[in-house]
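As stored in query.cif (mmCIF, C-alpha atoms):
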```
data_coords
#
loop_
_atom_site.label_atom_id
_atom_site.label_comp_id
_atom_site.auth_asym_id
_atom_site.auth_seq_id
_atom_site.Cartn_x
_atom_site.Cartn_y
_atom_site.Cartn_z
CA MET A 258 -44.64 -23.79 -1.26
CA ASP A 259 -47.32 -24.20 -3.98
CA GLN A 260 -46.81 -20.58 -4.96
CA LEU A 261 -43.04 -21.07 -5.14
CA ASN A 262 -43.57 -24.11 -7.35
CA GLY A 263 -45.83 -22.02 -9.53
CA LEU A 264 -43.17 -19.33 -9.84
CA ALA A 265 -40.56 -21.92 -10.83
CA ALA A 266 -42.91 -23.42 -13.43
CA PHE A 267 -43.70 -19.96 -14.83
CA VAL A 268 -40.05 -18.85 -15.03
CA ARG A 269 -38.86 -22.09 -16.65
CA THR A 270 -41.69 -21.98 -19.16
CA ALA A 271 -40.93 -18.37 -20.03
CA ASP A 272 -37.22 -19.16 -20.33
CA LEU A 273 -37.66 -22.24 -22.55
CA GLY A 274 -40.82 -21.32 -24.46
CA SER A 275 -42.91 -24.44 -23.73
CA PHE A 276 -44.48 -26.44 -20.96
CA VAL A 277 -42.82 -29.61 -22.30
CA ALA A 278 -39.28 -28.15 -22.09
CA ALA A 279 -39.94 -26.66 -18.64
CA GLY A 280 -41.25 -30.04 -17.46
CA ARG A 281 -38.04 -31.78 -18.52
CA VAL A 282 -35.97 -29.34 -16.44
CA LEU A 283 -38.29 -29.50 -13.42
CA GLY A 284 -38.88 -33.25 -13.58
CA LEU A 285 -42.63 -32.79 -14.15
CA SER A 286 -45.07 -33.58 -16.90
CA ALA A 287 -46.07 -30.83 -19.31
CA SER A 288 -49.62 -30.92 -17.97
CA ALA A 289 -48.38 -30.48 -14.36
CA VAL A 290 -46.38 -27.44 -15.41
CA GLY A 291 -49.36 -26.01 -17.28
CA LYS A 292 -51.62 -26.51 -14.24
CA ALA A 293 -49.07 -24.82 -11.94
CA VAL A 294 -48.91 -21.80 -14.25
CA THR A 295 -52.72 -21.65 -14.53
CA THR A 296 -53.03 -21.76 -10.73
CA LEU A 297 -50.48 -18.94 -10.44
CA GLU A 298 -52.43 -16.82 -12.97
CA ARG A 299 -55.62 -17.40 -10.99
CA GLN A 300 -53.93 -16.36 -7.74
CA LEU A 301 -52.53 -13.21 -9.35
CA GLY A 302 -55.67 -12.39 -11.32
CA VAL A 303 -53.51 -11.75 -14.39
CA ARG A 304 -52.91 -13.70 -17.61
CA LEU A 305 -49.18 -14.36 -17.95
CA PHE A 306 -49.14 -16.25 -21.28
CA GLN A 307 -51.04 -15.98 -24.54
CA ARG A 308 -51.65 -19.60 -25.53
CA SER A 309 -52.39 -21.12 -28.93
CA THR A 310 -52.40 -24.68 -30.20
CA ARG A 311 -48.86 -24.22 -31.52
CA SER A 312 -47.09 -21.83 -29.13
CA ILE A 313 -47.21 -19.75 -26.02
CA ARG A 314 -45.84 -16.25 -25.52
CA LEU A 315 -45.63 -13.86 -22.61
CA THR A 316 -48.16 -11.11 -22.20
CA GLU A 317 -46.84 -7.65 -21.33
CA GLU A 318 -47.75 -8.29 -17.69
CA GLY A 319 -46.08 -11.68 -17.92
CA ARG A 320 -42.89 -10.15 -19.30
CA LEU A 321 -42.62 -7.68 -16.41
CA PHE A 322 -43.43 -10.38 -13.87
CA HIS A 323 -40.85 -12.72 -15.39
CA GLU A 324 -38.05 -10.18 -14.92
CA ARG A 325 -38.83 -9.87 -11.22
CA CYS A 326 -39.37 -13.58 -10.66
CA ARG A 327 -36.09 -14.44 -12.37
CA ARG A 328 -34.23 -12.27 -9.85
CA VAL A 329 -36.16 -13.85 -6.96
CA LEU A 330 -35.26 -17.37 -8.05
CA ASP A 331 -31.62 -16.38 -8.67
CA ASP A 332 -31.42 -15.01 -5.13
CA LEU A 333 -33.02 -18.17 -3.78
CA GLU A 334 -30.54 -20.37 -5.62
CA ASP A 335 -27.71 -18.15 -4.39
CA ALA A 336 -28.92 -18.49 -0.81
CA GLN A 337 -29.13 -22.27 -1.14
CA ALA A 338 -25.64 -22.45 -2.62
CA SER A 339 -24.25 -20.22 0.12
CA LEU A 340 -25.83 -22.40 2.78
CA ALA A 341 -24.38 -25.53 1.22
CA GLU A 342 -20.93 -23.92 1.09
CA ALA A 343 -21.23 -22.68 4.68
CA VAL A 344 -21.55 -26.21 6.01
CA ALA A 345 -18.84 -27.58 3.73
CA THR A 346 -15.36 -28.21 5.09
CA PRO A 347 -12.96 -25.40 4.09
CA ARG A 348 -10.21 -26.91 1.96
CA GLY A 349 -7.85 -26.18 -0.89
CA ARG A 350 -5.16 -23.65 -1.76
CA LEU A 351 -5.79 -20.09 -0.61
CA ARG A 352 -3.68 -17.22 -1.99
CA LEU A 353 -3.06 -14.34 0.40
CA SER A 354 -1.28 -11.14 -0.72
CA VAL A 355 0.15 -8.99 2.07
CA PRO A 356 2.72 -6.19 2.52
CA LEU A 357 6.23 -7.33 3.38
CA VAL A 358 6.17 -5.78 6.81
CA SER A 359 2.85 -7.39 7.78
CA TYR A 360 4.45 -10.72 8.63
CA HIS A 361 4.99 -9.22 12.10
CA LEU A 362 1.20 -9.22 12.43
CA LEU A 363 0.40 -12.46 10.61
CA LEU A 364 2.96 -14.99 11.76
CA PRO A 365 1.90 -14.96 15.43
CA VAL A 366 -1.74 -15.77 14.54
CA LEU A 367 -1.46 -18.10 11.52
CA PRO A 368 -0.55 -21.26 13.51
CA ALA A 369 -3.96 -21.11 15.20
CA PHE A 370 -5.70 -20.83 11.81
CA ILE A 371 -3.77 -23.81 10.43
CA ARG A 372 -4.72 -25.89 13.46
CA LEU A 373 -8.39 -24.97 13.00
CA TYR A 374 -8.45 -25.60 9.24
CA PRO A 375 -5.80 -28.21 8.41
CA GLU A 376 -7.21 -28.84 4.91
CA VAL A 377 -6.58 -25.22 3.82
CA GLU A 378 -3.17 -24.67 2.17
CA LEU A 379 -2.03 -21.07 2.66
CA ASP A 380 -0.02 -19.55 -0.20
CA LEU A 381 1.36 -16.24 1.14
CA ASP A 382 2.79 -13.60 -1.18
CA PHE A 383 4.69 -10.95 0.80
CA ASN A 384 4.94 -8.11 -1.70
CA ASP A 385 4.60 -4.33 -1.58
CA ARG A 386 3.49 -3.93 -5.18
CA ILE A 387 -0.15 -3.24 -6.08
CA VAL A 388 -1.83 -6.55 -6.86
CA ASP A 389 -4.99 -6.92 -8.98
CA LEU A 390 -6.77 -9.58 -6.96
CA ILE A 391 -9.16 -10.55 -9.73
CA GLU A 392 -6.67 -10.62 -12.60
CA GLU A 393 -4.00 -12.47 -10.60
CA GLY A 394 -6.30 -14.94 -8.89
CA VAL A 395 -5.61 -13.72 -5.34
CA ASP A 396 -8.22 -14.80 -2.81
CA VAL A 397 -7.54 -12.30 0.00
CA ALA A 398 -5.24 -9.30 0.49
CA ILE A 399 -4.25 -7.02 3.35
CA ARG A 400 -3.75 -3.38 2.40
CA SER A 401 -3.67 0.06 3.98
CA GLY A 402 -4.72 3.41 2.54
CA ASN A 403 -7.49 4.20 0.05
CA LEU A 404 -9.64 1.41 -1.39
CA PRO A 405 -10.88 2.63 -4.78
CA ASP A 406 -11.67 -0.73 -6.44
CA SER A 407 -15.44 -1.23 -6.29
CA ARG A 408 -15.04 -4.88 -7.37
CA LEU A 409 -13.66 -5.70 -3.94
CA MET A 410 -15.26 -6.30 -0.58
CA SER A 411 -13.41 -4.99 2.47
CA ARG A 412 -13.36 -5.31 6.23
CA ALA A 413 -11.43 -3.07 8.62
CA LEU A 414 -8.64 -4.63 10.66
CA ARG A 415 -6.38 -2.82 13.15
CA PRO A 416 -5.43 0.87 13.04
CA LEU A 417 -1.93 1.60 11.77
CA GLN A 418 0.14 4.30 13.51
CA MET A 419 3.40 5.51 11.99
CA LEU A 420 6.07 6.53 14.52
CA LEU A 421 9.29 8.52 14.31
CA CYS A 422 12.04 6.57 16.05
CA ALA A 423 15.75 6.84 16.74
CA SER A 424 18.32 4.89 18.71
CA PRO A 425 19.43 6.20 22.13
CA ALA A 426 23.00 6.44 20.78
CA TYR A 427 21.90 8.64 17.89
CA LEU A 428 19.91 10.92 20.20
CA ALA A 429 22.81 11.17 22.63
CA GLU A 430 25.07 12.36 19.80
CA HIS A 431 22.67 14.60 17.88
CA GLY A 432 20.23 15.72 20.57
CA VAL A 433 16.51 15.18 21.01
CA PRO A 434 14.23 17.22 18.70
CA LYS A 435 11.67 19.15 20.74
CA THR A 436 9.61 20.49 17.80
CA PRO A 437 9.25 19.44 14.14
CA GLN A 438 11.43 22.39 13.12
CA ASP A 439 14.30 20.87 15.15
CA LEU A 440 14.43 18.02 12.62
CA CYS A 441 16.25 20.34 10.22
CA GLY A 442 19.43 19.64 12.17
CA HIS A 443 18.98 15.84 12.06
CA LEU A 444 19.57 12.93 9.71
CA GLY A 445 16.64 11.10 8.19
CA ILE A 446 16.32 7.48 7.04
CA ARG A 447 13.60 7.63 4.39
CA PHE A 448 11.31 5.00 2.90
CA ARG A 449 10.71 4.85 -0.86
CA PHE A 450 7.40 3.26 -1.95
CA PRO A 451 8.21 0.34 -4.28
CA ASN A 452 5.14 0.98 -6.46
CA SER A 453 5.46 4.70 -7.15
CA GLY A 454 9.07 5.42 -6.26
CA LYS A 455 7.90 8.33 -4.10
CA ILE A 456 9.52 9.13 -0.77
CA GLN A 457 7.22 8.62 2.20
CA ASN A 458 6.17 11.82 3.95
CA TRP A 459 6.70 11.84 7.68
CA PRO A 460 3.34 12.00 9.50
CA LEU A 461 3.89 15.32 11.27
CA THR A 462 1.31 17.98 12.02
CA LEU A 463 2.80 21.42 11.42
CA PRO A 464 1.41 24.81 12.47
CA ALA A 465 -0.24 26.90 9.78
CA GLY A 466 2.36 28.92 7.90
CA ALA A 467 5.27 26.85 9.22
CA PRO A 468 8.21 26.57 6.80
CA GLU A 469 8.75 23.31 4.97
CA LEU A 470 10.94 20.87 6.84
CA VAL A 471 14.30 20.11 5.24
CA VAL A 472 15.81 17.00 6.79
CA ARG A 473 19.18 15.81 5.51
CA THR A 474 18.79 12.23 4.29
CA SER A 475 21.40 9.71 5.33
CA MET A 476 19.77 6.71 3.62
CA VAL A 477 16.79 5.79 1.38
CA CYS A 478 15.43 2.26 1.06
CA ASN A 479 12.27 0.51 -0.16
CA ASN A 480 12.12 -2.08 2.62
CA MET A 481 10.80 -1.33 6.11
CA GLU A 482 12.94 -4.05 7.69
CA ALA A 483 16.08 -2.39 6.31
CA LEU A 484 14.83 0.99 7.51
CA ARG A 485 14.34 -0.37 11.03
CA GLY A 486 17.80 -1.95 10.96
CA ALA A 487 19.41 1.32 9.88
CA THR A 488 17.53 3.19 12.60
CA LEU A 489 18.66 0.67 15.22
CA SER A 490 22.23 1.16 13.98
CA GLY A 491 22.05 4.87 14.77
CA LEU A 492 22.15 6.16 11.19
CA GLY A 493 19.33 8.62 11.78
CA ILE A 494 15.63 9.07 12.54
CA GLY A 495 13.32 6.60 10.80
CA CYS A 496 9.55 6.42 10.34
CA MET A 497 8.00 2.97 10.78
CA PRO A 498 4.68 1.35 11.73
CA ASP A 499 3.91 0.85 15.40
CA PHE A 500 3.94 -2.97 15.28
CA LEU A 501 7.40 -2.97 13.68
CA ALA A 502 8.78 -0.70 16.40
CA ARG A 503 7.07 -2.55 19.27
CA SER A 504 9.91 -4.89 20.32
CA PRO A 505 12.79 -2.37 20.00
CA LEU A 506 10.77 0.18 21.96
CA ALA A 507 10.08 -2.34 24.72
CA GLU A 508 13.75 -3.35 24.81
CA GLY A 509 14.94 0.26 24.90
CA THR A 510 16.95 -0.03 21.67
CA LEU A 511 14.68 2.56 20.02
CA SER A 512 12.90 5.63 21.34
CA THR A 513 10.08 7.59 19.77
CA VAL A 514 10.49 11.30 19.09
CA LEU A 515 7.96 14.10 18.62
CA GLY A 516 5.11 11.83 19.76
CA ASP A 517 2.79 14.82 20.34
CA HIS A 518 3.23 16.00 16.75
CA ILE A 519 2.34 12.78 14.92
CA ASP A 520 -0.76 12.55 12.71
CA GLY A 521 -3.60 10.21 13.60
CA PRO A 522 -3.56 6.54 12.60
CA GLY A 523 -4.36 4.95 9.27
CA GLN A 524 -6.15 1.65 8.80
CA PHE A 525 -5.41 -1.86 7.60
CA HIS A 526 -8.13 -3.51 5.50
CA LEU A 527 -8.83 -7.06 4.47
CA LEU A 528 -9.89 -7.27 0.78
CA TRP A 529 -11.40 -10.02 -1.34
CA PRO A 530 -13.24 -10.16 -4.71
CA SER A 531 -16.98 -9.53 -4.44
CA ASN A 532 -18.09 -12.84 -5.96
CA ARG A 533 -21.70 -13.93 -5.51
CA HIS A 534 -20.53 -17.09 -3.75
CA LEU A 535 -17.84 -16.73 -1.09
CA SER A 536 -15.98 -20.00 -0.82
CA PRO A 537 -15.72 -21.65 2.62
CA LYS A 538 -11.92 -21.24 2.76
CA VAL A 539 -12.14 -17.50 2.06
CA ARG A 540 -15.01 -17.02 4.50
CA VAL A 541 -13.20 -18.68 7.41
CA LEU A 542 -9.96 -16.77 6.73
CA VAL A 543 -11.78 -13.43 6.56
CA ASP A 544 -13.62 -14.15 9.81
CA PHE A 545 -10.48 -15.44 11.54
CA LEU A 546 -8.22 -12.52 10.56
CA THR A 547 -10.91 -9.98 11.36
CA GLU A 548 -11.09 -11.30 14.91
CA ALA A 549 -7.36 -11.97 15.35
CA LEU A 550 -6.07 -8.69 13.88
CA PHE A 551 -8.74 -6.28 14.99
CA ALA A 552 -7.80 -3.75 17.66
CA ASP A 553 -9.41 -0.54 18.88
CA SER A 554 -6.09 1.26 19.29
CA CYS A 555 -2.57 1.31 17.90
CA ASP A 556 0.69 0.46 19.61
CA SER A 557 1.45 4.13 20.04
CA PRO A 558 3.52 5.46 22.95
CA ALA A 559 0.39 6.87 24.54
CA THR A 560 -1.33 3.48 24.70
CA THR A 561 1.46 0.97 25.25
CA THR A 562 3.46 -0.09 28.25
CA ASN A 563 5.91 2.05 30.19
CA ALA A 564 8.75 0.07 28.63
CA HIS A 565 8.10 1.97 25.39
CA ARG A 566 10.25 5.06 25.63
CA SER A 567 8.92 8.31 24.19
CA VAL A 568 11.29 11.25 24.27
CA GLY A 569 11.30 14.71 22.84
CA ALA A 570 7.56 15.41 23.01
CA ALA A 571 6.74 19.09 23.18
CA GLY A 572 6.46 20.39 26.73
#
```
As C-alpha cells, please, write out the structure in this file.
Amino acid sequence: MDQLNGLAAFVRTADLGSFVAAGRVLGLSASAVGKAVTTLERQLGVRLFQRSTRSIRLTEEGRLFHERCRRVLDDLEDAQASLAEAVATPRGRLRLSVPLVSYHLLLPVLPAFIRLYPEVELDLDFNDRIVDLIEEGVDVAIRSGNLPDSRLMSRALRPLQMLLCASPAYLAEHGVPKTPQDLCGHLGIRFRFPNSGKIQNWPLTLPAGAPELVVRTSMVCNNMEALRGATLSGLGIGCMPDFLARSPLAEGTLSTVLGDHIDGPGQFHLLWPSNRHLSPKVRVLVDFLTEALFADSCDSPATTTNAHRSVGAAG
C-alpha cells in the first residue's frame, strides 16, 4: 500500500508540477508528498525528478515511468468505479433497438426482466433500419449478420435459421417442390430489406453449375409479419426465420419445403457501445438476454417436434 501511495504522489506531482498542488488533491501536506516520492525513488533506485529551490521537473526516466504509472492508476480507478457500479441498483431508462420481427423472441422473456429490475424503464424501438448506437444514444441492440463497427461490444445470442414455407392449400394446388429447380414452376413471396431495398436471397444450396433459379414473384413486402400472413393465405412460398414460423408449423397451417437444401444458420448478436464503464442497467440486460435468448440450435424441422411438418425434402 505504501508503494501505491508513492505512485499516486508521484503521478499527481508530475501532473500538477509541484508537491504543494499534489498535496491539495491528495489531502496531504507538501512535505508528506515529497517524502512519498523520495521513498519511491529509493525503492526504484532511480531519480524521478530534478529538484531546485524554485521548481521540479521530470527526468527522462521519470517521464517514461510517469506514462506507465498514469495508465496503472487509470485502470485502478476504472476498476473501482466498475465495482461501485456493479453493486449499485440498476435503474433508469434503457433504450433497446431491435428488428421488428424479434418481438416474437423478446416479449416472452421481458416480463421476467421487469420483475427482476423494476427500476429499469425499457424503451423498445422495433425498427429494421440500421441504427448508429453511439450517435442515437441507444444502449443495446439486437442484430444479425456482419458486425463491422469496432466501437461496439457484442455477445452471441441464438442461431437464426431461415426456412422456406408454404400453406398446405398452396402445396395441394401447385405441388410440392422436390428440388430447388422445381421452384421455377412456383410463386414466391419475397422480402425486401428496408435499409437497402434489395430483395432477400433464398437460402438454398445449389449444385455447382446449376442454372439460376427464376421464381415468379406473387408479392414483395418489407415486413416479415406481412410475408408470413401472405404465406399463410396461400399466395406462394415465403422465406422466414424459424421462430416466426414456429407456431404455424406446429399448428399445421404451414409446412416447410426443401428442408435438405437450406443453408446453415446465421446468428443473432447483442450489441452495446464499448464504453469504459458499463452502467448497471446495461450490464444486467446484457446478462439477462444472453441467458434467456441463447440456444445451441435453431427451430429447424430437423430439431423441433414432430408437429412441425417438413415436406418436399429430396429423397
Shell around Lys538 of chain A at 10 Å using only C-alpha atoms, local window under 6 positions removed, as an MDAnalysis selection string: chainID A and resid 342:343 345:351 374 376:379 396
Please produce a file of those selected residues containing C-alpha atoms, as an mmCIF file, in the coordinates of the input.
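Output saved as result_24.cif:
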```
data_model
loop_
_atom_site.group_PDB
_atom_site.id
_atom_site.type_symbol
_atom_site.label_atom_id
_atom_site.label_comp_id
_atom_site.auth_asym_id
_atom_site.auth_seq_id
_atom_site.Cartn_x
_atom_site.Cartn_y
_atom_site.Cartn_z
ATOM 1 C CA GLU A 342 -20.930 -23.920 1.090
ATOM 2 C CA ALA A 343 -21.230 -22.680 4.680
ATOM 3 C CA ALA A 345 -18.840 -27.580 3.730
ATOM 4 C CA THR A 346 -15.360 -28.210 5.090
ATOM 5 C CA PRO A 347 -12.960 -25.400 4.090
ATOM 6 C CA ARG A 348 -10.210 -26.910 1.960
ATOM 7 C CA GLY A 349 -7.850 -26.180 -0.890
ATOM 8 C CA ARG A 350 -5.160 -23.650 -1.760
ATOM 9 C CA LEU A 351 -5.790 -20.090 -0.610
ATOM 10 C CA TYR A 374 -8.450 -25.600 9.240
ATOM 11 C CA GLU A 376 -7.210 -28.840 4.910
ATOM 12 C CA VAL A 377 -6.580 -25.220 3.820
ATOM 13 C CA GLU A 378 -3.170 -24.670 2.170
ATOM 14 C CA LEU A 379 -2.030 -21.070 2.660
ATOM 15 C CA ASP A 396 -8.220 -14.800 -2.810
#
```
The PyMOL selection byres ((chain A and resi 443) around 9) applied to the shown file, residues as an MDAnalysis selection string: chainID A and resid 431:432 434 439:442 444:445 472:474 493:494
Residue IDs satisfying the PyMOL selection byres ((chain A and resi 417) around 8), as a PyMOL selection string: chain A and resi 415-416+418-419+498-499+522-525+555
Given the PyMOL selection byres ((chain A and resi 281-290) around 12), the residues it picks as a VMD selection string: chain A and resid 259 262 to 273 275 to 280 291 to 297
Polymer residues at most 12 Å from Leu489 of chain A, all atoms listed in the file, same-chain spacing of 5 or more positions, as a list in words: Cys422, Ala423, Ser424, Pro425, Ala426, Tyr427, Leu428, Ile446, Glu482, Ala483, Leu484, Ile494, Gly495, Cys496, Met497, Leu501, Ala502, Ser504, Pro505, Leu506, Glu508, Gly509, Thr510, Leu511, Ser512 and Thr513 of chain A
Nearest to Leu363 of chain A, chosen from A:Val329, A:Ala341, A:Leu390, A:Leu550, with all atoms listed in the file counted in the distances: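 With all atoms listed in the file as the atom set, the closest residue is A:Leu550.
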Distance of atom CA of Val541 of chain A from atom CA of Leu340 of chain A, expressed in Å to one decimal place: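 Taking atom CA of Leu340 of chain A as the start and atom CA of Val541 of chain A as the end point, the length is 14.0 Å.
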